[in-house]
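Dropping upload-v1.tsv in here (TSV, C-alpha atoms):
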```tsv
chain	number	residue	atom	x	y	z
A	1	MET	CA	31.78	1.18	-0.77
A	2	SER	CA	29.55	3.54	-2.76
A	3	GLU	CA	26.64	1.08	-2.39
A	4	LEU	CA	27.21	0.86	1.37
A	5	LYS	CA	27.33	4.64	1.84
A	6	ASN	CA	24.25	5.10	-0.35
A	7	SER	CA	22.37	2.49	1.70
A	8	ILE	CA	23.21	4.25	4.96
A	9	VAL	CA	22.19	7.66	3.55
A	10	LYS	CA	18.83	6.29	2.32
A	11	SER	CA	17.98	4.78	5.72
A	12	ASN	CA	15.27	6.40	7.83
A	13	GLU	CA	15.25	6.84	11.56
A	14	SER	CA	13.86	3.68	13.15
A	15	ALA	CA	14.19	1.75	16.37
A	16	ALA	CA	16.96	-0.80	16.72
A	17	GLY	CA	16.44	-4.52	16.39
A	18	PRO	CA	17.45	-7.22	18.89
A	19	ASP	CA	21.16	-6.37	18.43
A	20	GLY	CA	20.65	-2.80	19.71
A	21	VAL	CA	22.47	-1.11	16.78
A	22	TYR	CA	20.85	2.12	15.53
A	23	TYR	CA	21.16	3.78	12.12
A	24	GLN	CA	22.50	6.88	13.88
A	25	PHE	CA	25.47	4.78	14.99
A	26	LEU	CA	26.17	3.67	11.41
A	27	ARG	CA	26.00	7.23	10.06
A	28	HIS	CA	28.83	8.35	12.36
A	29	LEU	CA	31.23	5.48	11.63
A	30	PRO	CA	34.71	6.57	10.46
A	31	GLU	CA	36.05	5.45	7.09
A	32	SER	CA	38.13	2.64	8.61
A	33	CYS	CA	35.08	1.14	10.32
A	34	LEU	CA	33.07	1.38	7.10
A	35	HIS	CA	35.74	-0.70	5.36
A	36	THR	CA	35.50	-3.29	8.14
A	37	LEU	CA	31.71	-3.31	7.84
A	38	LEU	CA	31.95	-3.71	4.06
A	39	LYS	CA	34.37	-6.62	4.52
A	40	LEU	CA	31.82	-8.26	6.87
A	41	PHE	CA	29.01	-7.77	4.34
A	42	ASN	CA	31.11	-9.24	1.52
A	43	ASN	CA	31.98	-12.24	3.69
A	44	ILE	CA	28.27	-12.84	4.41
A	45	TRP	CA	27.48	-12.39	0.70
A	46	THR	CA	30.17	-14.87	-0.33
A	47	THR	CA	29.51	-17.57	2.25
A	48	GLY	CA	25.73	-17.07	2.56
A	49	ASP	CA	26.11	-17.49	6.34
A	50	ILE	CA	23.72	-14.95	7.94
A	51	PRO	CA	24.08	-14.18	11.69
A	52	SER	CA	21.26	-15.66	13.72
A	53	SER	CA	20.47	-12.29	15.34
A	54	TRP	CA	19.69	-10.93	11.86
A	55	ARG	CA	16.91	-13.49	11.52
A	56	GLU	CA	15.21	-12.37	14.73
A	57	ALA	CA	12.57	-9.68	15.14
A	58	SER	CA	11.09	-7.82	18.09
A	59	VAL	CA	7.37	-7.34	17.50
A	60	VAL	CA	5.72	-4.31	19.10
A	61	PRO	CA	1.88	-4.48	18.97
A	62	ILE	CA	0.22	-1.12	18.27
A	63	PRO	CA	-3.54	-0.93	19.04
A	64	LYS	CA	-5.75	-0.01	16.11
A	65	PRO	CA	-7.74	3.20	16.76
A	66	GLY	CA	-11.35	2.68	17.75
A	67	LYS	CA	-10.94	-1.08	18.29
A	68	ASP	CA	-11.37	-3.20	21.42
A	69	PRO	CA	-7.87	-3.43	23.01
A	70	SER	CA	-8.76	-6.71	24.75
A	71	ASP	CA	-8.91	-8.49	21.39
A	72	PRO	CA	-5.39	-9.48	20.16
A	73	SER	CA	-6.51	-9.27	16.53
A	74	ASN	CA	-7.11	-5.52	16.96
A	75	TYR	CA	-3.38	-4.77	17.15
A	76	ARG	CA	-1.04	-3.86	14.31
A	77	PRO	CA	2.31	-5.68	14.74
A	78	ILE	CA	5.43	-3.59	14.09
A	79	ALA	CA	8.50	-5.79	13.58
A	80	LEU	CA	11.90	-4.35	14.52
A	81	THR	CA	14.84	-6.09	12.85
A	82	SER	CA	18.59	-5.47	12.78
A	83	CYS	CA	19.63	-2.16	11.21
A	84	LEU	CA	22.89	-3.79	10.10
A	85	CYS	CA	20.94	-6.46	8.26
A	86	LYS	CA	18.61	-3.87	6.69
A	87	THR	CA	21.64	-1.93	5.45
A	88	LEU	CA	22.87	-5.00	3.56
A	89	GLU	CA	19.31	-5.77	2.42
A	90	ARG	CA	18.97	-2.29	0.93
A	91	MET	CA	22.19	-2.82	-1.08
A	92	LEU	CA	20.90	-6.13	-2.45
A	93	ASN	CA	17.42	-4.75	-3.03
A	94	ASP	CA	18.80	-1.98	-5.25
A	95	ARG	CA	20.56	-4.59	-7.38
A	96	LEU	CA	17.45	-6.77	-7.53
A	97	VAL	CA	15.20	-3.86	-8.51
A	98	HIS	CA	17.65	-2.74	-11.19
A	99	VAL	CA	17.58	-6.17	-12.85
A	100	LEU	CA	13.80	-6.51	-12.59
A	101	GLU	CA	13.13	-3.07	-14.07
A	102	SER	CA	15.84	-3.12	-16.77
A	103	ARG	CA	14.60	-6.49	-18.05
A	104	ASN	CA	10.88	-5.62	-17.66
A	105	LEU	CA	10.31	-8.71	-15.52
A	106	LEU	CA	7.48	-7.14	-13.52
A	107	SER	CA	3.98	-6.74	-14.93
A	108	ASN	CA	2.95	-3.24	-16.02
A	109	VAL	CA	-0.20	-3.74	-13.96
A	110	GLN	CA	1.84	-3.84	-10.70
A	111	CYS	CA	2.48	-0.31	-9.39
A	112	GLY	CA	3.47	-1.00	-5.78
A	113	PHE	CA	7.02	-0.27	-4.55
A	114	ARG	CA	8.13	0.80	-8.02
A	115	LYS	CA	9.77	4.01	-9.19
A	116	ASP	CA	7.60	6.31	-11.33
A	117	HIS	CA	4.49	4.30	-10.36
A	118	SER	CA	1.79	5.29	-7.88
A	119	THR	CA	-1.79	4.62	-6.84
A	120	LEU	CA	-2.95	7.41	-9.15
A	121	ASP	CA	-1.98	5.28	-12.15
A	122	HIS	CA	-4.63	2.71	-11.25
A	123	LEU	CA	-7.18	5.28	-10.10
A	124	VAL	CA	-7.00	7.18	-13.40
A	125	ARG	CA	-7.15	3.93	-15.41
A	126	LEU	CA	-10.26	2.73	-13.58
A	127	GLU	CA	-12.09	6.07	-13.73
A	128	THR	CA	-11.28	6.52	-17.43
A	129	PHE	CA	-12.36	2.97	-18.21
A	130	ILE	CA	-15.75	3.46	-16.48
A	131	LYS	CA	-16.37	6.85	-18.11
A	132	LYS	CA	-15.60	5.51	-21.57
A	133	ALA	CA	-17.98	2.61	-20.93
A	134	PHE	CA	-20.73	5.04	-19.87
A	135	ALA	CA	-20.12	7.11	-23.03
A	136	ARG	CA	-20.67	3.94	-25.11
A	137	LYS	CA	-23.81	3.16	-23.08
A	138	LYS	CA	-22.21	0.12	-21.51
A	139	GLN	CA	-21.97	-1.09	-17.93
A	140	VAL	CA	-18.92	-2.11	-15.91
A	141	LEU	CA	-18.63	-4.94	-13.42
A	142	ALA	CA	-15.70	-4.67	-10.99
A	143	VAL	CA	-14.52	-6.95	-8.19
A	144	PHE	CA	-12.19	-5.58	-5.49
A	145	PHE	CA	-10.39	-8.45	-3.78
A	146	ASP	CA	-9.03	-8.57	-0.25
A	147	LEU	CA	-6.02	-10.81	0.41
A	148	GLU	CA	-5.73	-12.04	4.00
A	149	LYS	CA	-2.39	-11.58	5.81
A	150	THR	CA	-0.43	-11.33	2.59
A	151	TYR	CA	3.07	-11.10	4.05
A	152	ASP	CA	2.45	-13.84	6.61
A	153	THR	CA	1.13	-16.29	4.01
A	154	THR	CA	3.65	-15.62	1.23
A	155	TRP	CA	5.01	-18.98	0.06
A	156	ARG	CA	8.79	-18.95	0.57
A	157	TYR	CA	9.51	-21.81	-1.81
A	158	GLY	CA	7.34	-20.03	-4.37
A	159	ILE	CA	9.57	-16.93	-4.11
A	160	LEU	CA	12.69	-18.99	-4.77
A	161	ASN	CA	10.96	-20.83	-7.60
A	162	ASP	CA	9.95	-17.53	-9.23
A	163	LEU	CA	13.52	-16.24	-8.91
A	164	PHE	CA	14.72	-19.38	-10.68
A	165	ASP	CA	12.10	-19.00	-13.43
A	166	LEU	CA	13.30	-15.42	-13.98
A	167	ASP	CA	16.83	-16.78	-14.53
A	168	PHE	CA	18.35	-15.59	-11.24
A	169	ARG	CA	21.37	-17.71	-10.37
A	170	GLY	CA	24.38	-17.52	-8.06
A	171	ARG	CA	24.68	-15.79	-4.71
A	172	LEU	CA	21.49	-13.72	-4.70
A	173	PRO	CA	18.99	-16.64	-4.53
A	174	ILE	CA	21.30	-18.42	-2.06
A	175	PHE	CA	21.34	-15.35	0.20
A	176	ILE	CA	17.54	-14.94	-0.05
A	177	SER	CA	17.03	-18.64	0.73
A	178	ASN	CA	19.19	-18.41	3.87
A	179	PHE	CA	17.59	-15.08	4.76
A	180	LEU	CA	14.05	-16.49	4.68
A	181	LYS	CA	14.61	-19.70	6.61
A	182	ASP	CA	14.82	-20.17	10.38
A	183	ARG	CA	13.10	-16.86	11.24
A	184	HIS	CA	12.15	-16.12	14.88
A	185	PHE	CA	10.34	-13.32	16.67
A	186	LYS	CA	9.50	-12.15	20.19
A	187	VAL	CA	6.56	-9.97	21.19
A	188	LYS	CA	7.44	-6.95	23.33
A	189	ALA	CA	4.92	-5.56	25.84
A	190	GLU	CA	6.39	-2.52	27.64
A	191	ASN	CA	9.75	-3.85	28.92
A	192	THR	CA	8.82	-7.54	28.84
A	193	PHE	CA	9.50	-10.00	26.01
A	194	SER	CA	7.56	-13.15	25.25
A	195	SER	CA	9.11	-16.49	24.43
A	196	SER	CA	10.73	-16.88	21.01
A	197	TYR	CA	8.45	-18.18	18.25
A	198	HIS	CA	9.43	-19.75	14.94
A	199	GLN	CA	7.98	-18.17	11.80
A	200	GLU	CA	7.37	-21.09	9.50
A	201	ASN	CA	6.15	-19.21	6.44
A	202	GLY	CA	5.77	-15.75	4.98
A	203	ALA	CA	8.06	-12.84	4.11
A	204	PRO	CA	9.59	-11.28	7.25
A	205	GLN	CA	7.86	-8.13	8.48
A	206	GLY	CA	10.04	-5.03	8.78
A	207	SER	CA	12.47	-6.26	6.13
A	208	ILE	CA	13.75	-4.15	3.23
A	209	LEU	CA	13.72	-7.10	0.83
A	210	SER	CA	10.20	-8.31	1.73
A	211	PRO	CA	8.18	-5.81	-0.38
A	212	MET	CA	10.04	-6.67	-3.60
A	213	LEU	CA	10.01	-10.40	-2.82
A	214	PHE	CA	6.25	-10.16	-2.31
A	215	ASN	CA	5.95	-8.27	-5.61
A	216	LEU	CA	7.78	-11.13	-7.29
A	217	LYS	CA	5.43	-13.71	-5.81
A	218	ILE	CA	2.18	-11.85	-6.52
A	219	ASN	CA	3.34	-10.78	-10.00
A	220	ASN	CA	2.12	-13.94	-11.75
A	221	ILE	CA	-1.48	-13.45	-10.60
A	222	ILE	CA	-1.90	-11.25	-13.67
A	223	LYS	CA	-1.32	-14.30	-15.91
A	224	SER	CA	-4.54	-15.82	-14.55
A	225	VAL	CA	-6.62	-12.82	-15.67
A	226	SER	CA	-8.53	-13.27	-18.93
A	227	LYS	CA	-7.73	-11.21	-22.03
A	228	HIS	CA	-11.08	-9.42	-22.01
A	229	VAL	CA	-10.74	-8.41	-18.34
A	230	ASN	CA	-8.69	-5.50	-17.03
A	231	ALA	CA	-6.73	-5.74	-13.78
A	232	SER	CA	-5.16	-3.36	-11.27
A	233	LEU	CA	-2.54	-4.48	-8.76
A	234	PHE	CA	-0.93	-2.29	-6.12
A	235	VAL	CA	1.01	-4.56	-3.72
A	236	ASP	CA	-1.92	-6.64	-2.35
A	237	ASP	CA	-4.77	-4.37	-3.52
A	238	PHE	CA	-6.13	-6.31	-6.47
A	239	ALA	CA	-9.12	-5.52	-8.69
A	240	ILE	CA	-10.54	-6.83	-11.95
A	241	TYR	CA	-13.14	-5.12	-14.14
A	242	ALA	CA	-14.76	-5.49	-17.54
A	243	GLU	CA	-17.36	-3.70	-19.66
A	244	GLY	CA	-20.33	-4.95	-21.64
A	245	LYS	CA	-23.87	-4.18	-22.77
A	246	HIS	CA	-25.50	-7.30	-21.39
A	247	LEU	CA	-25.16	-8.15	-17.71
A	248	GLN	CA	-25.41	-11.93	-18.18
A	249	HIS	CA	-22.48	-12.00	-20.59
A	250	LEU	CA	-20.53	-9.67	-18.27
A	251	GLU	CA	-21.23	-11.91	-15.28
A	252	ARG	CA	-19.95	-14.96	-17.12
A	253	THR	CA	-16.76	-13.18	-18.22
A	254	ILE	CA	-15.96	-11.96	-14.69
A	255	GLN	CA	-16.92	-15.28	-13.05
A	256	LEU	CA	-14.56	-17.26	-15.30
A	257	CYS	CA	-11.80	-14.81	-14.43
A	258	ILE	CA	-12.58	-15.12	-10.69
A	259	ASN	CA	-12.32	-18.90	-10.96
A	260	ASN	CA	-8.89	-18.65	-12.61
A	261	VAL	CA	-7.66	-16.13	-10.05
A	262	GLN	CA	-8.97	-18.25	-7.15
A	263	LYS	CA	-7.16	-21.29	-8.57
A	264	TRP	CA	-3.87	-19.36	-8.77
A	265	VAL	CA	-4.28	-18.02	-5.24
A	266	SER	CA	-4.94	-21.51	-3.83
A	267	GLU	CA	-1.93	-22.97	-5.63
A	268	ASN	CA	0.41	-20.23	-4.38
A	269	GLY	CA	-0.50	-20.20	-0.71
A	270	PHE	CA	-2.59	-17.01	-0.57
A	271	ARG	CA	-6.17	-16.66	0.63
A	272	PHE	CA	-9.01	-14.30	-0.23
A	273	SER	CA	-11.36	-12.89	2.40
A	274	VAL	CA	-14.82	-13.40	0.88
A	275	SER	CA	-16.53	-11.09	3.40
A	276	LYS	CA	-14.18	-8.19	2.56
A	277	THR	CA	-14.12	-8.82	-1.19
A	278	THR	CA	-16.62	-6.48	-2.87
A	279	CYS	CA	-18.39	-6.33	-6.21
A	280	VAL	CA	-19.63	-3.01	-7.64
A	281	HIS	CA	-21.89	-2.74	-10.67
A	282	PHE	CA	-21.20	0.58	-12.42
A	283	HIS	CA	-24.17	1.56	-14.57
A	284	ARG	CA	-26.55	4.37	-15.49
A	285	GLN	CA	-29.61	2.27	-16.22
A	286	ARG	CA	-33.06	2.92	-14.86
A	287	ILE	CA	-33.91	-0.76	-14.44
A	288	TYR	CA	-31.34	-2.34	-12.13
A	289	THR	CA	-30.50	-6.03	-11.93
A	290	GLU	CA	-28.08	-7.13	-9.23
A	291	PRO	CA	-25.23	-9.33	-10.50
A	292	ALA	CA	-24.49	-12.69	-8.90
A	293	LEU	CA	-20.85	-13.69	-8.53
A	294	HIS	CA	-19.19	-16.34	-6.37
A	295	LEU	CA	-15.76	-16.73	-4.83
A	296	ASP	CA	-14.69	-20.11	-3.50
A	297	GLY	CA	-18.34	-21.26	-3.53
A	298	GLN	CA	-19.61	-18.26	-1.56
A	299	PRO	CA	-21.53	-15.26	-2.97
A	300	ILE	CA	-19.54	-12.04	-3.30
A	301	PRO	CA	-21.28	-9.08	-1.58
A	302	VAL	CA	-22.61	-6.58	-4.14
A	303	LYS	CA	-22.44	-3.00	-2.86
A	304	GLY	CA	-23.21	0.41	-4.25
A	305	GLU	CA	-19.68	1.66	-3.57
A	306	ALA	CA	-16.18	0.44	-2.75
A	307	LYS	CA	-13.02	2.12	-1.49
A	308	PHE	CA	-10.09	1.35	-3.79
A	309	LEU	CA	-6.64	2.78	-3.01
A	310	GLY	CA	-8.12	5.48	-0.80
A	311	VAL	CA	-10.86	6.68	-3.19
A	312	VAL	CA	-14.52	5.68	-2.87
A	313	PHE	CA	-16.01	4.66	-6.23
A	314	ASP	CA	-19.82	4.65	-6.28
A	315	SER	CA	-21.94	2.85	-8.86
A	316	LYS	CA	-22.94	6.07	-10.66
A	317	LEU	CA	-19.41	7.51	-10.51
A	318	ASN	CA	-20.56	10.87	-9.12
A	319	PHE	CA	-18.08	10.67	-6.17
A	320	SER	CA	-20.59	12.07	-3.68
A	321	SER	CA	-19.75	9.22	-1.29
A	322	HIS	CA	-16.04	9.97	-1.53
A	323	VAL	CA	-16.59	13.66	-0.78
A	324	LYS	CA	-18.60	12.74	2.34
A	325	TYR	CA	-15.89	10.29	3.42
A	326	LEU	CA	-13.20	12.91	2.79
A	327	LYS	CA	-15.09	15.59	4.72
A	328	LYS	CA	-15.49	13.32	7.74
A	329	LYS	CA	-11.80	12.39	7.63
A	330	CYS	CA	-10.64	16.01	7.42
A	331	LEU	CA	-12.87	17.17	10.27
A	332	LYS	CA	-10.97	14.85	12.62
A	333	ALA	CA	-7.68	16.36	11.47
A	334	LEU	CA	-9.06	19.87	12.07
A	335	ASN	CA	-9.73	18.97	15.70
A	336	LEU	CA	-6.04	18.21	16.15
A	337	LEU	CA	-5.20	21.53	14.51
A	338	ARG	CA	-7.47	23.33	17.00
A	339	VAL	CA	-5.63	21.77	19.94
A	340	VAL	CA	-2.19	22.70	18.63
A	341	GLY	CA	-3.39	26.18	17.65
A	342	HIS	CA	-4.46	27.27	21.15
A	343	THR	CA	-4.27	31.05	21.49
A	344	ASP	CA	-2.37	30.97	24.81
A	345	TRP	CA	0.27	28.27	24.34
A	346	GLY	CA	-0.24	27.06	20.76
A	347	ALA	CA	2.15	26.95	17.81
A	348	ASP	CA	2.94	29.93	15.59
A	349	ARG	CA	1.39	30.64	12.20
A	350	ALA	CA	4.14	29.03	10.10
A	351	THR	CA	3.97	25.78	12.09
A	352	LEU	CA	0.17	25.67	11.94
A	353	LEU	CA	0.19	26.19	8.18
A	354	LYS	CA	2.66	23.30	7.79
A	355	LEU	CA	0.41	21.13	9.94
A	356	TYR	CA	-2.62	22.14	7.89
A	357	ARG	CA	-0.89	21.27	4.61
A	358	THR	CA	0.26	17.96	6.07
A	359	LEU	CA	-2.88	16.84	7.89
A	360	VAL	CA	-5.71	18.37	5.84
A	361	ARG	CA	-4.66	19.75	2.47
A	362	SER	CA	-2.76	16.56	1.58
A	363	LYS	CA	-5.98	14.56	2.08
A	364	LEU	CA	-7.94	17.00	-0.08
A	365	ASP	CA	-5.34	16.92	-2.85
A	366	TYR	CA	-4.99	13.13	-2.98
A	367	GLY	CA	-7.12	11.76	-5.78
A	368	SER	CA	-8.40	15.22	-6.75
A	369	VAL	CA	-7.66	14.45	-10.41
A	370	ILE	CA	-10.20	11.63	-10.01
A	371	TYR	CA	-13.00	13.02	-7.86
A	372	GLY	CA	-12.53	16.50	-9.34
A	373	SER	CA	-14.90	15.46	-12.11
A	374	ALA	CA	-17.80	15.47	-9.64
A	375	LYS	CA	-20.50	18.12	-9.94
A	376	LYS	CA	-19.73	21.56	-8.53
A	377	HIS	CA	-22.37	21.42	-5.80
A	378	VAL	CA	-20.83	18.15	-4.56
A	379	LEU	CA	-17.30	19.59	-4.47
A	380	ARG	CA	-18.48	22.74	-2.66
A	381	ALA	CA	-18.93	20.62	0.47
A	382	LEU	CA	-15.13	20.60	0.85
A	383	ASP	CA	-14.71	24.40	0.72
A	384	PRO	CA	-15.73	24.95	4.38
A	385	ILE	CA	-13.04	22.43	5.43
A	386	HIS	CA	-10.40	24.34	3.50
A	387	HIS	CA	-11.50	27.75	4.81
A	388	GLN	CA	-11.87	26.54	8.39
A	389	GLY	CA	-8.37	25.07	8.38
A	390	LEU	CA	-6.88	28.33	7.08
A	391	ARG	CA	-8.76	30.37	9.71
A	392	ILE	CA	-7.41	28.15	12.49
A	393	ALA	CA	-3.85	28.33	11.15
A	394	LEU	CA	-3.94	32.09	10.61
A	395	GLY	CA	-5.94	32.93	13.73
A	396	ALA	CA	-8.43	34.79	11.53
A	397	PHE	CA	-11.97	35.81	12.44
A	398	ARG	CA	-15.02	34.12	11.02
A	399	THR	CA	-15.87	37.35	9.20
A	400	SER	CA	-12.49	37.54	7.45
A	401	PRO	CA	-12.93	37.50	3.64
A	402	ILE	CA	-12.01	34.23	1.99
A	403	LYS	CA	-9.74	35.90	-0.58
A	404	SER	CA	-7.72	37.48	2.22
A	405	LEU	CA	-7.22	34.01	3.73
A	406	TYR	CA	-5.79	32.77	0.43
A	407	ALA	CA	-3.49	35.77	0.20
A	408	GLU	CA	-2.24	35.55	3.80
A	409	ALA	CA	-1.63	31.80	3.71
A	410	GLY	CA	-0.33	31.62	0.15
A	411	GLU	CA	-2.82	28.81	-0.48
A	412	PRO	CA	-4.93	28.50	-3.64
A	413	SER	CA	-8.60	27.60	-3.62
A	414	LEU	CA	-9.72	23.99	-4.10
A	415	VAL	CA	-11.28	24.72	-7.49
```
Take the structure in the file and write it out as structure tokens.
Amino acid sequence: MSELKNSIVKSNESAAGPDGVYYQFLRHLPESCLHTLLKLFNNIWTTGDIPSSWREASVVPIPKPGKDPSDPSNYRPIALTSCLCKTLERMLNDRLVHVLESRNLLSNVQCGFRKDHSTLDHLVRLETFIKKAFARKKQVLAVFFDLEKTYDTTWRYGILNDLFDLDFRGRLPIFISNFLKDRHFKVKAENTFSSSYHQENGAPQGSILSPMLFNLKINNIIKSVSKHVNASLFVDDFAIYAEGKHLQHLERTIQLCINNVQKWVSENGFRFSVSKTTCVHFHRQRIYTEPALHLDGQPIPVKGEAKFLGVVFDSKLNFSSHVKYLKKKCLKALNLLRVVGHTDWGADRATLLKLYRTLVRSKLDYGSVIYGSAKKHVLRALDPIHHQGLRIALGAFRTSPIKSLYAEAGEPSLV
């Protein structure tokens, strides 16, 4: 019962699945109904017989901003599944995560969907690695991979096989096997539903168990990485990098690793997008030679910068490109703040400050421990964004002193 109540408390507000049951309904169930619900869950857990409605999903397509809405590929599918099923999934997921973490079954390189792990772990590792290489007068070759439709292409049999290899027995793998098979979905456009389609492969979208099941499947990709090559894995964001004094030796080391990784990906049902996979040569040499690497027989594009986990890494590691990207991103958020902060009908100061901290300051703070090492004149480009946002939120004049803005808003400077 404690697991059931904890699962309901941890649930977020979301739309109902095909059965029409909302989380709000579950939160207001009396104790007697919770016991009935728990008895139902235990019966499903014991028999492994999952209701057919729990294996159905309603897919709502959301158009991607700035894309052509007439192209179906420019929509982001949001899958709505049964809240009852997700409540049971969350209970089982907590047990699964506990076993995986207590037995150290997941690679230390994987930081996605794990407690006390974040994107900053990989960002700090990569930046530190490059800086140490520069200090030793070495160069770094990094490849940032792009996996195509990771959830849709996840090999279901491979998930069950990995569970077996990790010594999972009994009801959990049986439940997961029944949970993954015979999945169906319908696409919803306004109030109209399409015909039902069978999902032959992949982890179900919108599921609580899917992220950890995907982590299990992608976990073994690290075993294909060579000893002399470092790797970073955050869900499906995968990168490999190595250092060396001679580019030819570095190319060979990375190419052999790419071949091993490509072999693992092919054998496990995943697929790399060669056009979106990027190679960056980090160096501080006057004479530049472009590296030549290949993925699946095609040349990997070599670029002067790459965005990894939300931070743009340029070849010289001066983060000027990231500051420009961040400034452009924050200016769009300031436009929204201007609309909400209209002098006649806009929000009050406290609300505007919350919006500023949410929409602008959070973007400036993310990765600041990484790009904060940039030169002062590069970082100064972000100060006008910070000051402009505070002026809008406070309703201050352009001539108001900057220190008074900090004092009124209770916000520190960016430095």
Nearest to A:Phe145 by atom-to-atom distance, counting all atoms listed in the file, from A:Phe397, A:Phe234, A:Trp345, A:Phe41: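 Ranking A:Phe397, A:Phe234, A:Trp345, A:Phe41 by distance to A:Phe145, first place goes to A:Phe234.
Going from atom CA of A:Phe134 to atom CA of A:Arg284 covers 7.3 Å.
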Surrounding residues of A:Leu147 excluding itself and chain neighbours under 4 positions, 9 Å, all atoms listed in the file, as a compact mmCIF listing (two decimals) with C-alpha atoms, in the frame of the given file:
```
# COMPACT_ATOMS: atom_id res chain seq x y z
CA ASP A 236 -1.92 -6.64 -2.35
CA ASP A 237 -4.77 -4.37 -3.52
CA PHE A 238 -6.13 -6.31 -6.47
CA PHE A 270 -2.59 -17.01 -0.57
CA ARG A 271 -6.17 -16.66 0.63
CA PHE A 272 -9.01 -14.30 -0.23
CA SER A 273 -11.36 -12.89 2.40
CA LYS A 276 -14.18 -8.19 2.56
CA THR A 277 -14.12 -8.82 -1.19
```
Of the listed residues A:Ile240, A:Ala15, A:Ala79, A:Ala142, that which approaches A:Ser226 most closely, counting all atoms listed in the file: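 Smallest distance to A:Ser226 is found for A:Ile240.
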Cut-off 12 Å around (14.3, 3.6, 9.2) with only C-alpha atoms: residues as number ranges by chain: A: 7-17, 22-24, 79-84, 86-87, 90, 206-208
Would you write out, as CSV, a table of all residues in stretch 189-259 of chain A that have an atom no more than 10 Å from an atom of stretch 116-131 of chain A, listing for each the closest atom pair and the distance in Å to one decimal, considering all atoms listed in the file and ordering rows by chain and rising residue number?
```
residue,atom,partner,partner_atom,distance
A:Asn230,CA,A:Leu126,CA,9.1
A:Ala231,CA,A:His122,CA,9.1
A:Ser232,CA,A:His122,CA,6.1
A:Leu233,CA,A:His122,CA,7.9
A:Phe234,CA,A:Thr119,CA,7.0
A:Ala239,CA,A:Leu126,CA,9.7
A:Ile240,CA,A:Leu126,CA,9.7
A:Tyr241,CA,A:Leu126,CA,8.4
A:Ala242,CA,A:Phe129,CA,8.8
A:Glu243,CA,A:Ile130,CA,8.0
```
Distance of atom CA of A:Pro204 from atom CA of A:Gly158, expressed in Å to one decimal place: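 Taking atom CA of A:Gly158 as the start and atom CA of A:Pro204 as the end point, the length is 14.7 Å.
A straight line drawn from atom CA of A:Lys363 to atom CA of A:Arg338 is 17.4 Å long.
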Residue neighbourhood A:Thr154, 9 Å, all atoms listed in the file, exclusion window fewer than 4 positions, as a PyMOL selection string: chain A and resi 149-150+158-159+201-203+214+217-218+268-270
Contacts of A:His184 within 7 Å, all atoms listed in the file, excl. fewer than 6 positions in-chain, as an MDAnalysis selection string: chainID A and resid 55:57 196:199
Top pick for closest residue to A:His249, considering A:Gly341, A:Pro401, A:Pro211, A:Pro291 and counting only C-alpha atoms: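 Smallest distance to A:His249 is found for A:Pro291.
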